[in-house]
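What follows is the content of start-v6.tsv, which has TSV, C-alpha atoms:
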chain	number	residue	atom	x	y	z
G	1	ALA	CA	-21.77	5.50	27.25
G	2	PRO	CA	-21.75	6.93	30.85
G	3	ALA	CA	-24.38	9.54	29.85
G	4	LYS	CA	-26.66	6.85	28.42
G	5	LYS	CA	-26.21	4.78	31.57
G	6	ALA	CA	-27.23	7.77	33.72
G	7	GLU	CA	-30.33	8.35	31.54
G	8	ALA	CA	-31.23	4.69	31.78
G	9	GLU	CA	-30.95	4.78	35.58
G	10	SER	CA	-33.16	7.88	35.89
G	11	ALA	CA	-35.89	6.64	33.55
G	12	PRO	CA	-38.25	3.86	34.66
G	13	ALA	CA	-37.46	0.56	33.01
G	14	ALA	CA	-39.86	-0.13	30.14
G	15	PRO	CA	-41.05	-3.69	29.71
G	16	LYS	CA	-39.68	-5.47	26.64
G	17	LYS	CA	-42.29	-5.70	23.90
G	18	PRO	CA	-42.29	-7.09	20.40
G	19	ALA	CA	-41.36	-4.62	17.66
G	20	PRO	CA	-44.96	-3.85	16.49
G	21	ALA	CA	-46.03	-2.89	20.02
G	22	GLN	CA	-42.98	-0.62	20.40
G	23	LYS	CA	-43.90	1.11	17.14
G	24	ALA	CA	-47.47	1.71	18.31
G	25	GLU	CA	-46.18	3.09	21.62
G	26	ALA	CA	-43.78	5.47	19.81
G	27	GLU	CA	-46.59	6.75	17.59
G	28	SER	CA	-48.70	7.62	20.66
G	29	VAL	CA	-45.92	9.75	22.26
G	30	PRO	CA	-46.33	13.52	21.71
G	31	ALA	CA	-44.14	15.01	18.95
G	32	ALA	CA	-42.01	17.02	21.40
G	33	ALA	CA	-41.09	13.86	23.29
G	34	LYS	CA	-40.14	12.06	20.04
G	35	GLN	CA	-37.40	14.57	19.14
G	36	PRO	CA	-34.06	13.24	20.44
G	37	ALA	CA	-31.44	15.61	21.77
G	38	PRO	CA	-28.74	16.42	19.16
G	39	ALA	CA	-26.14	14.21	20.91
G	40	GLN	CA	-28.60	11.30	21.08
G	41	LYS	CA	-29.56	11.84	17.42
G	42	ALA	CA	-25.90	11.77	16.32
G	43	ALA	CA	-25.27	8.62	18.35
G	44	ALA	CA	-28.39	6.97	16.92
G	45	GLU	CA	-27.34	7.86	13.35
G	46	THR	CA	-23.85	6.42	13.74
G	47	ALA	CA	-24.77	3.32	15.73
G	48	PRO	CA	-26.25	1.28	12.84
G	49	ALA	CA	-23.25	2.02	10.58
G	50	ALA	CA	-20.82	0.96	13.30
G	51	ALA	CA	-22.72	-2.28	13.81
G	52	LYS	CA	-22.65	-3.12	10.08
G	53	SER	CA	-18.96	-2.48	9.35
G	54	PRO	CA	-16.40	-1.43	11.94
G	55	ALA	CA	-14.37	1.65	11.11
G	56	PRO	CA	-10.78	0.92	10.05
G	57	ALA	CA	-8.27	1.22	12.84
G	58	PRO	CA	-6.19	4.41	12.73
G	59	ARG	CA	-2.61	3.97	11.53
G	60	SER	CA	-0.46	3.73	14.61
G	61	GLU	CA	3.19	4.73	14.76
G	62	VAL	CA	3.65	1.54	16.78
G	63	ASP	CA	4.81	-1.52	14.84
G	64	ASP	CA	1.63	-3.58	15.05
G	65	GLY	CA	2.39	-5.83	12.06
G	66	ASN	CA	0.20	-3.82	9.67
G	67	TYR	CA	2.12	-2.03	6.93
G	68	TYR	CA	0.95	0.42	4.28
G	69	PRO	CA	2.34	1.67	0.96
G	70	GLY	CA	5.00	4.29	1.64
G	71	ASP	CA	5.96	3.00	5.10
G	72	LYS	CA	9.73	3.06	5.72
G	73	VAL	CA	10.81	-0.29	7.15
G	74	MET	CA	13.79	-2.50	7.82
G	75	SER	CA	13.39	-5.75	5.86
G	76	ARG	CA	15.35	-8.98	5.85
G	77	TYR	CA	17.12	-9.57	2.53
G	78	HIS	CA	16.84	-13.24	1.56
G	79	ARG	CA	20.36	-13.55	0.11
G	80	ASP	CA	22.37	-12.64	3.22
G	81	ASN	CA	19.71	-12.46	5.99
G	82	GLY	CA	20.72	-8.85	6.73
G	83	MET	CA	18.17	-6.18	7.64
G	84	TYR	CA	18.15	-3.20	5.25
G	85	GLU	CA	16.14	-0.01	4.77
G	86	SER	CA	13.27	-0.36	2.34
G	87	MET	CA	9.81	0.98	1.55
G	88	ILE	CA	6.52	-0.92	1.48
G	89	LEU	CA	5.07	-0.95	-2.04
G	90	TYR	CA	1.98	-3.07	-1.45
G	91	LYS	CA	0.56	-6.04	0.41
G	92	LYS	CA	0.80	-9.15	-1.77
G	93	THR	CA	-0.91	-11.65	0.58
G	94	ASP	CA	-1.81	-11.70	4.28
G	95	GLU	CA	1.79	-12.67	5.11
G	96	ILE	CA	3.87	-11.14	2.27
G	97	TYR	CA	4.67	-7.55	1.26
G	98	ASP	CA	6.63	-6.28	-1.73
G	99	VAL	CA	9.33	-3.80	-0.72
G	100	SER	CA	11.68	-1.56	-2.65
G	101	TRP	CA	15.25	-1.44	-1.32
G	102	ASP	CA	16.84	1.95	-0.62
G	103	GLU	CA	20.20	0.59	-1.82
G	104	PRO	CA	19.39	-2.39	-4.02
G	105	ASP	CA	21.58	-5.33	-4.86
G	106	GLU	CA	22.70	-5.25	-8.50
G	107	GLY	CA	20.00	-7.62	-9.67
G	108	GLU	CA	17.11	-6.92	-7.33
G	109	GLN	CA	15.29	-3.65	-6.67
G	110	ILE	CA	12.07	-5.20	-5.38
G	111	SER	CA	11.70	-8.25	-3.15
G	112	SER	CA	8.82	-10.09	-1.54
G	113	VAL	CA	9.31	-10.21	2.23
G	114	THR	CA	7.33	-12.09	4.88
G	115	ILE	CA	5.68	-10.07	7.63
G	116	ARG	CA	7.95	-11.57	10.32
G	117	ASP	CA	10.99	-10.13	8.48
G	118	ILE	CA	9.75	-6.51	8.51
G	119	LYS	CA	10.22	-3.89	11.24
G	120	LEU	CA	8.59	-0.45	11.06
G	121	VAL	CA	10.90	2.58	10.97
G	122	LYS	CA	8.40	5.34	10.08
G	123	ARG	CA	4.86	5.45	8.73
G	124	GLY	CA	4.36	6.78	5.23
G	125	PRO	CA	1.78	9.43	4.39
G	126	PRO	CA	-1.82	8.43	5.22
G	127	GLY	CA	-3.89	7.45	2.19
G	128	GLN	CA	-0.83	6.55	0.09
G	129	GLU	CA	-1.96	4.34	-2.79
G	130	LYS	CA	-0.22	1.10	-3.68
G	131	ILE	CA	3.06	1.69	-5.47
G	132	PRO	CA	3.15	-0.84	-8.32
G	133	ASN	CA	6.21	0.60	-10.09
G	134	VAL	CA	9.30	2.05	-8.48
G	135	PRO	CA	9.99	5.53	-9.86
G	136	LEU	CA	12.80	5.52	-12.42
G	137	LYS	CA	15.43	8.17	-13.16
G	138	VAL	CA	17.57	8.83	-16.21
G	139	GLY	CA	20.88	7.04	-15.67
G	140	ASP	CA	19.39	4.05	-13.80
G	141	LYS	CA	20.57	0.57	-14.77
G	142	VAL	CA	17.47	-1.34	-15.83
G	143	LEU	CA	16.23	-4.63	-17.19
G	144	ALA	CA	14.19	-3.87	-20.29
G	145	LEU	CA	11.90	-6.06	-22.36
G	146	PHE	CA	13.25	-6.85	-25.83
G	147	LEU	CA	9.98	-7.01	-27.73
G	148	SER	CA	11.18	-9.48	-30.42
G	149	ASP	CA	11.85	-12.36	-28.00
G	150	GLN	CA	9.87	-11.11	-24.94
G	151	LYS	CA	12.90	-11.43	-22.63
G	152	PHE	CA	14.47	-8.86	-20.32
G	153	TYR	CA	18.04	-7.62	-20.95
G	154	GLY	CA	20.36	-5.14	-19.27
G	155	ALA	CA	20.19	-1.52	-20.40
G	156	ASP	CA	20.69	2.09	-19.29
G	157	LEU	CA	17.69	4.39	-18.99
G	158	THR	CA	18.55	7.39	-21.17
G	159	LYS	CA	15.28	9.33	-21.44
G	160	ILE	CA	11.82	9.58	-19.88
G	161	SER	CA	9.04	11.31	-21.81
G	162	ASP	CA	7.44	14.37	-20.19
G	163	ASP	CA	4.18	12.46	-19.65
G	164	LYS	CA	6.16	9.52	-18.17
G	165	LYS	CA	4.57	7.05	-20.58
G	166	MET	CA	7.63	6.19	-22.71
G	167	TYR	CA	11.09	5.21	-21.50
G	168	THR	CA	14.11	5.15	-23.80
G	169	VAL	CA	16.75	2.54	-23.01
G	170	LYS	CA	20.19	1.89	-24.47
G	171	TRP	CA	20.95	-1.83	-24.55
G	172	ASP	CA	24.14	-3.09	-22.85
G	173	ASP	CA	24.59	-5.54	-25.75
G	174	PRO	CA	22.29	-4.80	-28.70
G	175	ASP	CA	23.47	-7.99	-30.46
G	176	GLY	CA	22.78	-6.64	-33.95
G	177	ALA	CA	19.51	-4.90	-33.01
G	178	ALA	CA	18.95	-1.15	-32.78
G	179	PRO	CA	21.06	0.25	-29.90
G	180	THR	CA	18.04	1.91	-28.24
G	181	ALA	CA	14.35	1.21	-27.73
G	182	ASP	CA	11.33	3.21	-26.58
G	183	LEU	CA	9.28	1.18	-24.11
G	184	GLU	CA	6.28	1.58	-21.84
G	185	ARG	CA	6.83	1.66	-18.06
G	186	HIS	CA	5.68	-1.92	-17.45
G	187	ASP	CA	8.45	-3.10	-19.82
G	188	VAL	CA	11.24	-1.55	-17.73
G	189	LYS	CA	12.42	-2.79	-14.30
G	190	LEU	CA	14.93	-1.06	-12.05
G	191	LYS	CA	18.14	-3.03	-11.70
G	192	LEU	CA	20.41	-0.51	-9.99
G	193	ARG	CA	19.72	3.06	-8.94
G	194	LYS	CA	21.93	5.74	-10.51
G	195	ALA	CA	24.71	6.59	-8.05

Is it possible to express this structure as structure tokens?
Amino acid sequence: APAKKAEAESAPAAPKKPAPAQKAEAESVPAAAKQPAPAQKAAAETAPAAAKSPAPAPRSEVDDGNYYPGDKVMSRYHRDNGMYESMILYKKTDEIYDVSWDEPDEGEQISSVTIRDIKLVKRGPPGQEKIPNVPLKVGDKVLALFLSDQKFYGADLTKISDDKKMYTVKWDDPDGAAPTADLERHDVKLKLRKA
């Protein structure tokens, strides 16, 4: 901006004209005078794009109230009002984020937390995509969907297929059904991380 100001001060002020007159004037200027300097050309090429849509703000290490998937944060747990380590999974609404607890309560791995109850600890990797499902490990206590009645029941995760598409669970109480089931990832929720 200072360089443009200096150029503007050294050049005589041109009277303002309607757009068609400016076009005619530009066409009458010799070709050598029409060629902008490389810095001016780059500025001219980026100016219209900046005016149309502002570039996203860089991710600051400062807690500015904007959180991204993968950010490590301290979040307020709704059951005891304590602040605990967690990770941002995704932004649910303008005021609510879903977080995954580092050391979850027995029945709750993921909670929805309001923005005022989140404090940044460390930014996650830039460009991290939303994290819709918490990674599972063999030995985790889970809630798994019993397909016959479409309800979730307690189980242990006993196997994960190599392609991570099928998850084998062993029911806590099979109640006459088969003791295990092979389920897709969206049918299995983390209850308690393996110790």

Of the listed residues G:Ile118, G:Trp171, G:Glu103, G:Glu108, that which approaches Ile88 of chain G most closely, counting only C-alpha atoms: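 Between G:Ile118, G:Trp171, G:Glu103, G:Glu108, the residue approaching Ile88 of chain G most closely is G:Ile118.
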
Between atom CA of Ile160 of chain G and atom CA of Pro179 of chain G - distance in Å to one decimal: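 Computing the Euclidean distance for atom CA of Pro179 of chain G and atom CA of Ile160 of chain G yields 16.5 Å.
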
Non-local contacts of Thr180 of chain G (7 Å; all atoms listed in the file; under 2 positions in same chain excluded) as a list in words: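 Residues near the query, excluding close chain neighbours: Thr168, Val169, Lys170, Trp171 and Ala178 of chain G.
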
Writing out the chosen residues with C-alpha atoms as a PDB file, in the coordinates of the input:
ATOM      1  CA  THR G 168      14.110   5.150 -23.800  1.00  0.00           C
ATOM      2  CA  VAL G 169      16.750   2.540 -23.010  1.00  0.00           C
ATOM      3  CA  LYS G 170      20.190   1.890 -24.470  1.00  0.00           C
ATOM      4  CA  TRP G 171      20.950  -1.830 -24.550  1.00  0.00           C
ATOM      5  CA  ALA G 178      18.950  -1.150 -32.780  1.00  0.00           C
TER       6      ALA G 178
END

Distance criterion (only C-alpha atoms): nearest to Asp156 of chain G out of G:Lys72, G:His78, G:Lys191, G:Lys130: G:Lys191

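Note that atom CA of Ala181 of chain G and atom CA of Lys164 of chain G are 15.1 Å apart.
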
Among listed residues G:Ile96, G:Val188, G:Met74, G:Met166, nearest Tyr153 of chain G (using all atoms listed in the file):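 Checking each of G:Ile96, G:Val188, G:Met74, G:Met166 against Tyr153 of chain G, counting all atoms listed in the file, the winner is G:Val188.
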
Spatial neighbours of Asp71 of chain G, 8 Å, all atoms listed in the file, chain gap at least 4 places, as a list in words: Tyr67, Met87, Ile88, Leu120, Val121, Lys122, Arg123, Gly124 and Pro125 of chain G

Mind giving me the axis-aligned box for segment 69-72 of chain G with 4 Å on every side, centre plus edges in Å to one decimal, as JSON?
{"center_x": 6.0, "center_y": 3.0, "center_z": 3.3, "size_x": 15.4, "size_y": 10.6, "size_z": 12.8}

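As for atom CA of Glu129 of chain G and atom CA of Asp182 of chain G, they are spaced 27.3 Å apart.
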
Counting all atoms listed in the file, the residue of G:Ala177, G:Val62, G:Leu143, G:Val138 that sits nearest Leu190 of chain G: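 Closest to Leu190 of chain G of all the choices is G:Leu143.
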
Nearest residue to Tyr68 of chain G from the set G:Phe152, G:Asp80, G:Lys92, G:Lys165 (distances using only C-alpha atoms):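 Closest to Tyr68 of chain G of all the choices is G:Lys92.
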
Selected residue, from G:Asp117, G:Glu184, G:Asp98, G:Asp162, that lies nearest to Phe146 of chain G when counting all atoms listed in the file: G:Glu184
